[in-house]
Amino acid sequence: MRRPLDHFLDPSSIAVVGPSPRGNIGTVILENLLEMRARGALRAEVHAVNPRYGSCAGVPCEPDLPRAELAIIAVPPSLSVDYLRRAASLGYSAAIVVSGGFEEVGGPSLRDIMPELGGMRVLGPNTLGVVDSTTGMFAIFLPRRKGGAESLPDLRPGGVVLVAQSGGLSASLYDWLTSSGPGLRALISLGNAVDVGAAECVEHFADDPRTSVILLYLERTPNGRALMDAVRLARDRGKDAVALLGGVTPTGRRATSSHTASLLSSARVAREALRQAGAYVAADLEDALDSAKAASLLRSDPGDSIAVLTNSGGAGVLATDALSALGLSVPDLSSSPALSSLRSSGALSQLSSIANPVDVTGSASDADFVAAYGALMEEPSVGGVLLIPTHYPPGITEDLPRRISGLSRKPTVVVEVGDSELSRRVRALYDSLGLPSYPSPERAARALRALRWLRSNPGTWTVGRAARGGLEAAIRGWLWPDLVGALASLGFDVPDWSWIASPGDWPDGLYPAVLKVHAPSLTHKTEAGAVIVGIRDARDMEDAVRRLAPIAASASGRLYAQRMVRGVELRVGLVKDPDFGCVVDVGLGGVITEIIGDHSTRVAPVTELEAREMLSELRLRPLLEGYRGMPKADLGRLARAISALSDAACSPAISEFEVNPLIVDGDRLWAVDARASAVDNGAAPAKGV
C-alpha cells in the first residue's frame with residue numbers, strides 16, 4: 001500500500017511547472033529528472049509545463065497541467081497558488097512548491113488554501129526538493145556542474161536519510177554524505193513545511209529496510225510531541241536518529257512568574273525532548289555528520305572501554321586525551337595476555353608499547369597492525385577501537401584497510417590525518433569497507449562517543465504518552481498557602497504553618513520559624529523583602545511582624561509563618577512549551593537557581609525512572625547522596641513526587657506550577673514555597689479552580 005510520502009519519492013508521473021529555455025530553477029529540476037531517466041534510474045514520466053514556450057531541455061512544453069501524480073511548481077507565488085488549485089482539481093496526489101516569497105515575507109499564504117486542495121499533499125514552499133536513491137528521484141533545483149567543475153557529486157546510495165528545514169544546508173549535507181560520507185538513502189527538504197513536516201518524514205522511514213540513520217536539521221519544532229513519537233518509533237524499529245538544531249542561541253528570556261520558565265528556552269526544550277525520544281543531539285554540524293557516519297556504518301555498541309592502536313605516539317596521546325575528556329575509558333592493557341604474547345614472541349617489536357595507546361611505532365608494517373588489531377579483537381576489556389595507522393611509513397601499504405576489515409568484530413573508527421591524495425584515498429577505502437574514517441583523533445573520539453550514546457540510549461519516551469492532569473481539583477489559589485493540599489496530594493511534605501495576624505499566633509514550640517507575605521502581586525518574595533528567616537523566638541517574631549506588616553498591607557496581602565526546615569534546596573517546576581506542551585524541570589532551588597544553571601529537563605509526564613535520571617544529571621547530585629556526612633535523600637520518594645507533579649499538573653487549566661525551594665532532608669521532601677498560574681492568567685480560583 002502506497003503511503004503519502006511515496007507520491008513525492010516514487011511518483012509514476014511528474015509535471016514540472018515553470019522551466020524555460022533561457023534557464024531557471026524549473027529548468028534545472030527538469031534537467032536533473034531527465035538525466036536520471038536517461039540513466040535508467042528514474043521510471044516516472046516527466047512533463048514540462050510552460051504555456052510561453054514550445055520546448056525546454058529537449059522535451060515539449062505543455063500549455064497546461066497534464067494528468068500526473070506529482071506537480072513540481074517553480075513559478076512566482078501568485079502563480080503557484082493557481083497551479084496548486086489546478087493540480088488539486090485534476091486529482092494530483094502531491095505537489096512540491098520550490099518557490100519562496102509566501103507568507104514568511106508578506107506574500108500569499110499556502111496554509112490558508114490547504115483546505116481547498118482536497119487532501120493533495122504539499123511539500124514546501126521554499127524547498128530545495130527531494131532525492132531518493134532507490135527510485136532515482138532527483139528533484140532539486142541545483143545544477144550538477146558549474147563552470148566546468150562538479151558542483152554536486154553523483155548520488156551514491158547509502159543508509160542515511162536527511163530531513164532538513166534549510167534548502168541551502170540540505171545541499172551542503174547532500175554533498176558531504178555522497179562524497180566523503182556514508183552515502184544517501186533519501187533527502188527531503190521541508191522548506192516552510194505548510195503540510196509535510198519532520199514527524200511524518202521520520203515515521204515514513206522508520207519502516208524502511210534501506211534506512212539505518214535519520215539525520216535531522218531543525219530550526220523549528222512544531223508538533224513536537226508528534227516528532228518525539230516518530231523518533232521513538234524509528235528507534236524501536238532499529239533506526240538511529242541524529243538531530244542538529246539551528247537557532248539555539250536565545251535572544252532573551254520572556255517575562256515569567258517562575259524560575260522554571262525563565263530557565264527553559266525553546267532550544268533547550270527541543271534538545272532534551274529529542275534526547276528523551278532517543279535522538280543523539282549533535283553539538284554542531286561536524287558532530288552531526290560524523291555521528292551519522294559512525295551510526296550508519298557501525299551497528300554494534302563500542303561500550304565505554306576503548307583501545308587506541310597507532311604507529312604515531314603523538315596522535316595516540318591526542319586520541320587518549322579526547323576519549324577521556326568525553327567520558328570514555330582507555331584501560332591499561334599492559335597485562336593483556338594476547339598483546340604480551342605478541343611482544344614475547346617477537347610478532348611486535350620490543351620498542352612497541354601495549355599499555356594503551358598500543359603504539360606499534362613508526363617502523364611498524366601492515367603485519368604489526370594486523371597482529372595487534374587481532375589481539376584487541378580477543379581482549380575482553382576492550383569494546384571498541386580507535387585506529388590510527390598513518391600511511392607515511394614505508395611499511396604501511398594500501399592493503400592494510402582490507403586486512404583490518406577482514407578481522408574487525410568490534411566497532412572501529414579510523415584516523416587518517418592529512419589531505420594528500422593518498423590520505424584522501426585511504427580514508428575513502430576504509431569508509432567503503434565499513435570502517436568510518438576521520439581526519440583527526442578528536443573527531444573520531446567524538447564519533448565513538450555518539451555511537452556509544454545511541455547504542456545505550458534507545459529513548460525513554462513512549463509513543464502516545466499523555467498526562468492525566470486533575471491537580472486543579474486540589475488547588476485553592478495560586479500561591480503556597482492555597483496549594484498545600486495539592487502539594488500533599490503529590491507526595492510532598494508540608495511544614496507546620498499558620499496565618500499570622502499578631503506575633504502571638506505562632507506557637508512557642510515551633511521555632512525556628514520563617515515569616516512570609518502572601519500576596520499575588522509579589523512574584524518573588526526575596527527580591528521584595530517579603531520574607532524573614534531564622535526567627536528564633538517570640539521576640540524575633542514580634543520584630544518580624546512589625547517589619548513585614550507594612551509590606552503585606554501595601555500589597556493587599558496577609559502574613560503567614562512556617563516552621564523552618566533545613567536540607568538541600570531543589571526546585572521542581574512544570575511549564576507549557578508552545579511546541580512540546582508540558583515540560584518538567586528539576587534543579588538547584590532557591591534564589592540563585594538561574595545563576596547556577598544546574599537543572600535537568602524532560603517533556604511531561606515523566607516516569608519514576610526518568611525522574612531518577614533527571615536527578616542523576618545534576619551537578620549537585622552528591623549532596624543528595626550523603627556528601628560529607630549529609631543525610632542521604634530518599635531518591636525513590638523524590639522521583640515519585642516529581643513524576644506525580646509532572647502528571648497531575650499537566651492540565652488544561654494550569655500553565656505553570658513550581659515548588660521552589662523544595663528542601664530535601666533525608667526522607668523528607670519539604671515543599672516550603674510554591675506557586676502556580678492559570679492558562680488564562682486569571683485571578684486565583686475560588687474553590688477547586
# chains A, B, ... in the order shown; residues from 1 in each chain; ligands from 1
call {"tool": "select_by_dssp", "arguments": {"residues": "region 200-335 of chain A", "states": "strand (DSSP E)", "output": "list in words"}}
result
Val213, Ile214, Leu215, Leu216, Tyr217, Leu218, Asp240, Ala241, Val242, Ala243, Leu244, Leu245, Tyr280, Val281, Ile306, Ala307, Val308, Leu309 and Thr310 of chain A
call {"tool": "residues_around", "arguments": {"residues": "Ala676 (chain A)", "least_positions_apart": "3", "cutoff": "7 Å", "atoms": "only C-alpha atoms", "output": "list of chain:residue names"}}
result
A:Trp478, A:Leu479, A:Glu656, A:Phe657, A:Glu658
call {"tool": "closest_residue", "arguments": {"among": "A:Pro66, A:Arg37, A:Ser646, A:Ala639", "to": "Ser89 (chain A)", "atoms": "only C-alpha atoms"}}
result
A:Pro66
call {"tool": "atom_distance", "arguments": {"atom1": "CA of Ser677 (chain A)", "atom2": "CA of Ile654 (chain A)"}}
result
6.0 Å
call {"tool": "residues_around", "arguments": {"residues": "Asp287 (chain A)", "least_positions_apart": "6", "cutoff": "9 Å", "atoms": "only C-alpha atoms", "output": "compact mmCIF listing (two decimals) with C-alpha atoms, in the first residue's frame"}}
result
# COMPACT_ATOMS: atom_id res chain seq x y z
CA LEU A 244 21.14 19.16 14.70
CA ARG A 443 36.58 13.82 15.56
CA ARG A 446 33.53 12.21 19.34
CA ALA A 447 32.04 9.83 16.78
CA ALA A 450 27.96 9.46 19.80
call {"tool": "closest_residue", "arguments": {"among": "A:Pro661, A:Gly238, A:Pro76, A:Pro578", "to": "Phe492 (chain A)", "atoms": "only C-alpha atoms"}}
result
A:Pro661
call {"tool": "residues_around", "arguments": {"residues": "Val385 (chain A)", "least_positions_apart": "3", "cutoff": "9 Å", "atoms": "only C-alpha atoms", "output": "VMD selection string"}}
result
chain A and resid 302 305 to 309 373 376 to 377 382 410 to 414 448
call {"tool": "write_last_selection", "arguments": {"atoms": "N, CA, C and O atoms", "output": "mmCIF file, in the first residue's frame"}}
result
data_model
loop_
_atom_site.group_PDB
_atom_site.id
_atom_site.type_symbol
_atom_site.label_atom_id
_atom_site.label_comp_id
_atom_site.auth_asym_id
_atom_site.auth_seq_id
_atom_site.Cartn_x
_atom_site.Cartn_y
_atom_site.Cartn_z
ATOM 1 N N PRO A 302 30.141 0.120 21.068
ATOM 2 C CA PRO A 302 31.554 0.068 21.453
ATOM 3 C C PRO A 302 31.782 0.004 22.948
ATOM 4 O O PRO A 302 32.915 -0.209 23.394
ATOM 5 N N SER A 305 34.784 1.293 26.993
ATOM 6 C CA SER A 305 36.201 0.963 27.096
ATOM 7 C C SER A 305 36.817 0.871 25.696
ATOM 8 O O SER A 305 36.468 -0.018 24.913
ATOM 9 N N ILE A 306 37.730 1.782 25.384
ATOM 10 C CA ILE A 306 38.256 1.917 24.028
ATOM 11 C C ILE A 306 39.764 1.688 24.016
ATOM 12 O O ILE A 306 40.499 2.196 24.876
ATOM 13 N N ALA A 307 40.228 0.948 23.017
ATOM 14 C CA ALA A 307 41.660 0.786 22.784
ATOM 15 C C ALA A 307 42.091 1.711 21.657
ATOM 16 O O ALA A 307 41.375 1.870 20.661
ATOM 17 N N VAL A 308 43.250 2.329 21.809
ATOM 18 C CA VAL A 308 43.840 3.160 20.769
ATOM 19 C C VAL A 308 45.035 2.399 20.195
ATOM 20 O O VAL A 308 45.962 2.040 20.930
ATOM 21 N N LEU A 309 44.999 2.159 18.890
ATOM 22 C CA LEU A 309 46.083 1.444 18.212
ATOM 23 C C LEU A 309 46.684 2.376 17.175
ATOM 24 O O LEU A 309 45.979 2.860 16.279
ATOM 25 N N TYR A 373 45.850 -5.611 16.086
ATOM 26 C CA TYR A 373 44.397 -5.448 15.956
ATOM 27 C C TYR A 373 43.684 -6.773 16.232
ATOM 28 O O TYR A 373 42.648 -6.812 16.916
ATOM 29 N N LEU A 376 43.443 -7.257 19.903
ATOM 30 C CA LEU A 376 42.408 -6.414 20.513
ATOM 31 C C LEU A 376 41.013 -6.983 20.284
ATOM 32 O O LEU A 376 40.117 -6.782 21.106
ATOM 33 N N MET A 377 40.830 -7.684 19.195
ATOM 34 C CA MET A 377 39.533 -8.327 18.954
ATOM 35 C C MET A 377 39.265 -9.419 19.987
ATOM 36 O O MET A 377 38.105 -9.758 20.259
ATOM 37 N N VAL A 382 38.130 -4.605 26.090
ATOM 38 C CA VAL A 382 38.031 -3.598 25.032
ATOM 39 C C VAL A 382 36.714 -3.766 24.287
ATOM 40 O O VAL A 382 36.395 -4.853 23.801
ATOM 41 N N LYS A 410 34.689 -5.660 16.310
ATOM 42 C CA LYS A 410 34.293 -4.650 17.284
ATOM 43 C C LYS A 410 34.233 -3.301 16.584
ATOM 44 O O LYS A 410 34.983 -3.057 15.633
ATOM 45 N N PRO A 411 33.346 -2.415 17.039
ATOM 46 C CA PRO A 411 33.250 -1.099 16.399
ATOM 47 C C PRO A 411 34.605 -0.406 16.354
ATOM 48 O O PRO A 411 35.265 -0.236 17.388
ATOM 49 N N THR A 412 34.996 -0.009 15.165
ATOM 50 C CA THR A 412 36.314 0.586 14.959
ATOM 51 C C THR A 412 36.186 1.843 14.118
ATOM 52 O O THR A 412 35.558 1.823 13.053
ATOM 53 N N VAL A 413 36.769 2.923 14.604
ATOM 54 C CA VAL A 413 36.867 4.147 13.812
ATOM 55 C C VAL A 413 38.336 4.385 13.493
ATOM 56 O O VAL A 413 39.221 4.005 14.266
ATOM 57 N N VAL A 414 38.568 4.998 12.336
ATOM 58 C CA VAL A 414 39.928 5.129 11.822
ATOM 59 C C VAL A 414 40.277 6.603 11.694
ATOM 60 O O VAL A 414 39.446 7.420 11.284
ATOM 61 N N LEU A 448 32.844 8.068 18.247
ATOM 62 C CA LEU A 448 32.675 6.897 19.116
ATOM 63 C C LEU A 448 31.754 7.211 20.283
ATOM 64 O O LEU A 448 30.924 6.377 20.670
#
call {"tool": "closest_residue", "arguments": {"among": "A:Val269, A:Leu152, A:Leu173, A:Ile96", "to": "Glu286 (chain A)", "atoms": "only C-alpha atoms"}}
result
A:Leu173
call {"tool": "closest_residue", "arguments": {"among": "A:Arg402, A:Arg563, A:Arg235, A:Arg343", "to": "Ala375 (chain A)", "atoms": "only C-alpha atoms"}}
result
A:Arg343
call {"tool": "decode", "arguments": {"residues": "region 557-634 of chain A", "atoms": "C-alpha atoms", "output": "PDB file, in the first residue's frame"}}
result
ATOM      1  CA  GLY A 557      -1.758  40.591  51.385  1.00  0.00           C
ATOM      2  CA  ARG A 558      -1.508  38.611  54.606  1.00  0.00           C
ATOM      3  CA  LEU A 559       1.275  37.226  56.763  1.00  0.00           C
ATOM      4  CA  TYR A 560       1.897  33.564  57.398  1.00  0.00           C
ATOM      5  CA  ALA A 561       4.608  31.656  59.242  1.00  0.00           C
ATOM      6  CA  GLN A 562       6.213  28.281  58.626  1.00  0.00           C
ATOM      7  CA  ARG A 563       8.344  26.100  60.778  1.00  0.00           C
ATOM      8  CA  MET A 564      11.883  26.430  59.418  1.00  0.00           C
ATOM      9  CA  VAL A 565      13.425  23.292  57.910  1.00  0.00           C
ATOM     10  CA  ARG A 566      16.901  22.609  56.590  1.00  0.00           C
ATOM     11  CA  GLY A 567      18.346  20.424  53.862  1.00  0.00           C
ATOM     12  CA  VAL A 568      19.299  20.538  50.174  1.00  0.00           C
ATOM     13  CA  GLU A 569      17.341  23.156  48.252  1.00  0.00           C
ATOM     14  CA  LEU A 570      15.869  21.908  44.978  1.00  0.00           C
ATOM     15  CA  ARG A 571      13.371  23.306  42.524  1.00  0.00           C
ATOM     16  CA  VAL A 572      10.739  21.277  40.655  1.00  0.00           C
ATOM     17  CA  GLY A 573       8.629  23.040  38.098  1.00  0.00           C
ATOM     18  CA  LEU A 574       6.287  22.481  35.188  1.00  0.00           C
ATOM     19  CA  VAL A 575       5.676  24.909  32.328  1.00  0.00           C
ATOM     20  CA  LYS A 576       3.947  24.708  28.958  1.00  0.00           C
ATOM     21  CA  ASP A 577       6.127  24.922  25.876  1.00  0.00           C
ATOM     22  CA  PRO A 578       4.424  26.055  22.649  1.00  0.00           C
ATOM     23  CA  ASP A 579       5.838  23.095  20.690  1.00  0.00           C
ATOM     24  CA  PHE A 580       6.071  20.254  23.218  1.00  0.00           C
ATOM     25  CA  GLY A 581       3.352  21.080  25.729  1.00  0.00           C
ATOM     26  CA  CYS A 582       4.017  20.326  29.379  1.00  0.00           C
ATOM     27  CA  VAL A 583       7.688  20.272  30.351  1.00  0.00           C
ATOM     28  CA  VAL A 584       9.078  19.412  33.786  1.00  0.00           C
ATOM     29  CA  ASP A 585      12.392  20.753  35.068  1.00  0.00           C
ATOM     30  CA  VAL A 586      14.378  19.828  38.181  1.00  0.00           C
ATOM     31  CA  GLY A 587      17.409  21.629  39.555  1.00  0.00           C
ATOM     32  CA  LEU A 588      19.038  23.678  42.239  1.00  0.00           C
ATOM     33  CA  GLY A 589      16.477  25.693  44.183  1.00  0.00           C
ATOM     34  CA  GLY A 590      16.427  28.993  45.964  1.00  0.00           C
ATOM     35  CA  VAL A 591      17.114  32.496  44.757  1.00  0.00           C
ATOM     36  CA  ILE A 592      20.273  31.750  42.729  1.00  0.00           C
ATOM     37  CA  THR A 593      18.853  28.973  40.584  1.00  0.00           C
ATOM     38  CA  GLU A 594      19.158  30.953  37.308  1.00  0.00           C
ATOM     39  CA  ILE A 595      22.761  31.916  38.042  1.00  0.00           C
ATOM     40  CA  ILE A 596      23.958  28.372  38.711  1.00  0.00           C
ATOM     41  CA  GLY A 597      22.000  26.813  35.851  1.00  0.00           C
ATOM     42  CA  ASP A 598      22.135  23.291  37.275  1.00  0.00           C
ATOM     43  CA  HIS A 599      18.947  21.658  36.046  1.00  0.00           C
ATOM     44  CA  SER A 600      17.531  18.791  34.003  1.00  0.00           C
ATOM     45  CA  THR A 601      14.549  18.883  31.642  1.00  0.00           C
ATOM     46  CA  ARG A 602      12.041  16.398  30.221  1.00  0.00           C
ATOM     47  CA  VAL A 603       8.744  16.524  28.390  1.00  0.00           C
ATOM     48  CA  ALA A 604       5.973  15.623  30.822  1.00  0.00           C
ATOM     49  CA  PRO A 605       4.663  13.410  32.149  1.00  0.00           C
ATOM     50  CA  VAL A 606       7.792  11.593  33.242  1.00  0.00           C
ATOM     51  CA  THR A 607       8.058   8.142  34.711  1.00  0.00           C
ATOM     52  CA  GLU A 608       9.739   7.477  38.040  1.00  0.00           C
ATOM     53  CA  LEU A 609      12.744   6.106  36.130  1.00  0.00           C
ATOM     54  CA  GLU A 610      13.003   9.287  34.064  1.00  0.00           C
ATOM     55  CA  ALA A 611      12.773  11.373  37.217  1.00  0.00           C
ATOM     56  CA  ARG A 612      15.659   9.365  38.709  1.00  0.00           C
ATOM     57  CA  GLU A 613      17.662  10.025  35.548  1.00  0.00           C
ATOM     58  CA  MET A 614      16.957  13.747  35.857  1.00  0.00           C
ATOM     59  CA  LEU A 615      18.327  13.750  39.395  1.00  0.00           C
ATOM     60  CA  SER A 616      21.416  11.820  38.293  1.00  0.00           C
ATOM     61  CA  GLU A 617      22.216  14.525  35.719  1.00  0.00           C
ATOM     62  CA  LEU A 618      22.508  17.293  38.327  1.00  0.00           C
ATOM     63  CA  ARG A 619      25.908  18.544  39.420  1.00  0.00           C
ATOM     64  CA  LEU A 620      24.505  18.828  42.955  1.00  0.00           C
ATOM     65  CA  ARG A 621      23.691  15.112  42.976  1.00  0.00           C
ATOM     66  CA  PRO A 622      26.409  14.283  45.560  1.00  0.00           C
ATOM     67  CA  LEU A 623      24.556  16.492  48.052  1.00  0.00           C
ATOM     68  CA  LEU A 624      21.605  14.103  47.750  1.00  0.00           C
ATOM     69  CA  GLU A 625      23.805  11.035  48.114  1.00  0.00           C
ATOM     70  CA  GLY A 626      25.322  11.716  51.522  1.00  0.00           C
ATOM     71  CA  TYR A 627      28.187  14.045  50.630  1.00  0.00           C
ATOM     72  CA  ARG A 628      30.500  14.557  53.652  1.00  0.00           C
ATOM     73  CA  GLY A 629      28.066  13.083  56.135  1.00  0.00           C
ATOM     74  CA  MET A 630      24.925  14.821  54.879  1.00  0.00           C
ATOM     75  CA  PRO A 631      21.720  12.776  55.151  1.00  0.00           C
ATOM     76  CA  LYS A 632      21.119  10.605  52.099  1.00  0.00           C
ATOM     77  CA  ALA A 633      17.964  11.645  50.296  1.00  0.00           C
ATOM     78  CA  ASP A 634      15.220   9.140  49.616  1.00  0.00           C
TER      79      ASP A 634
END
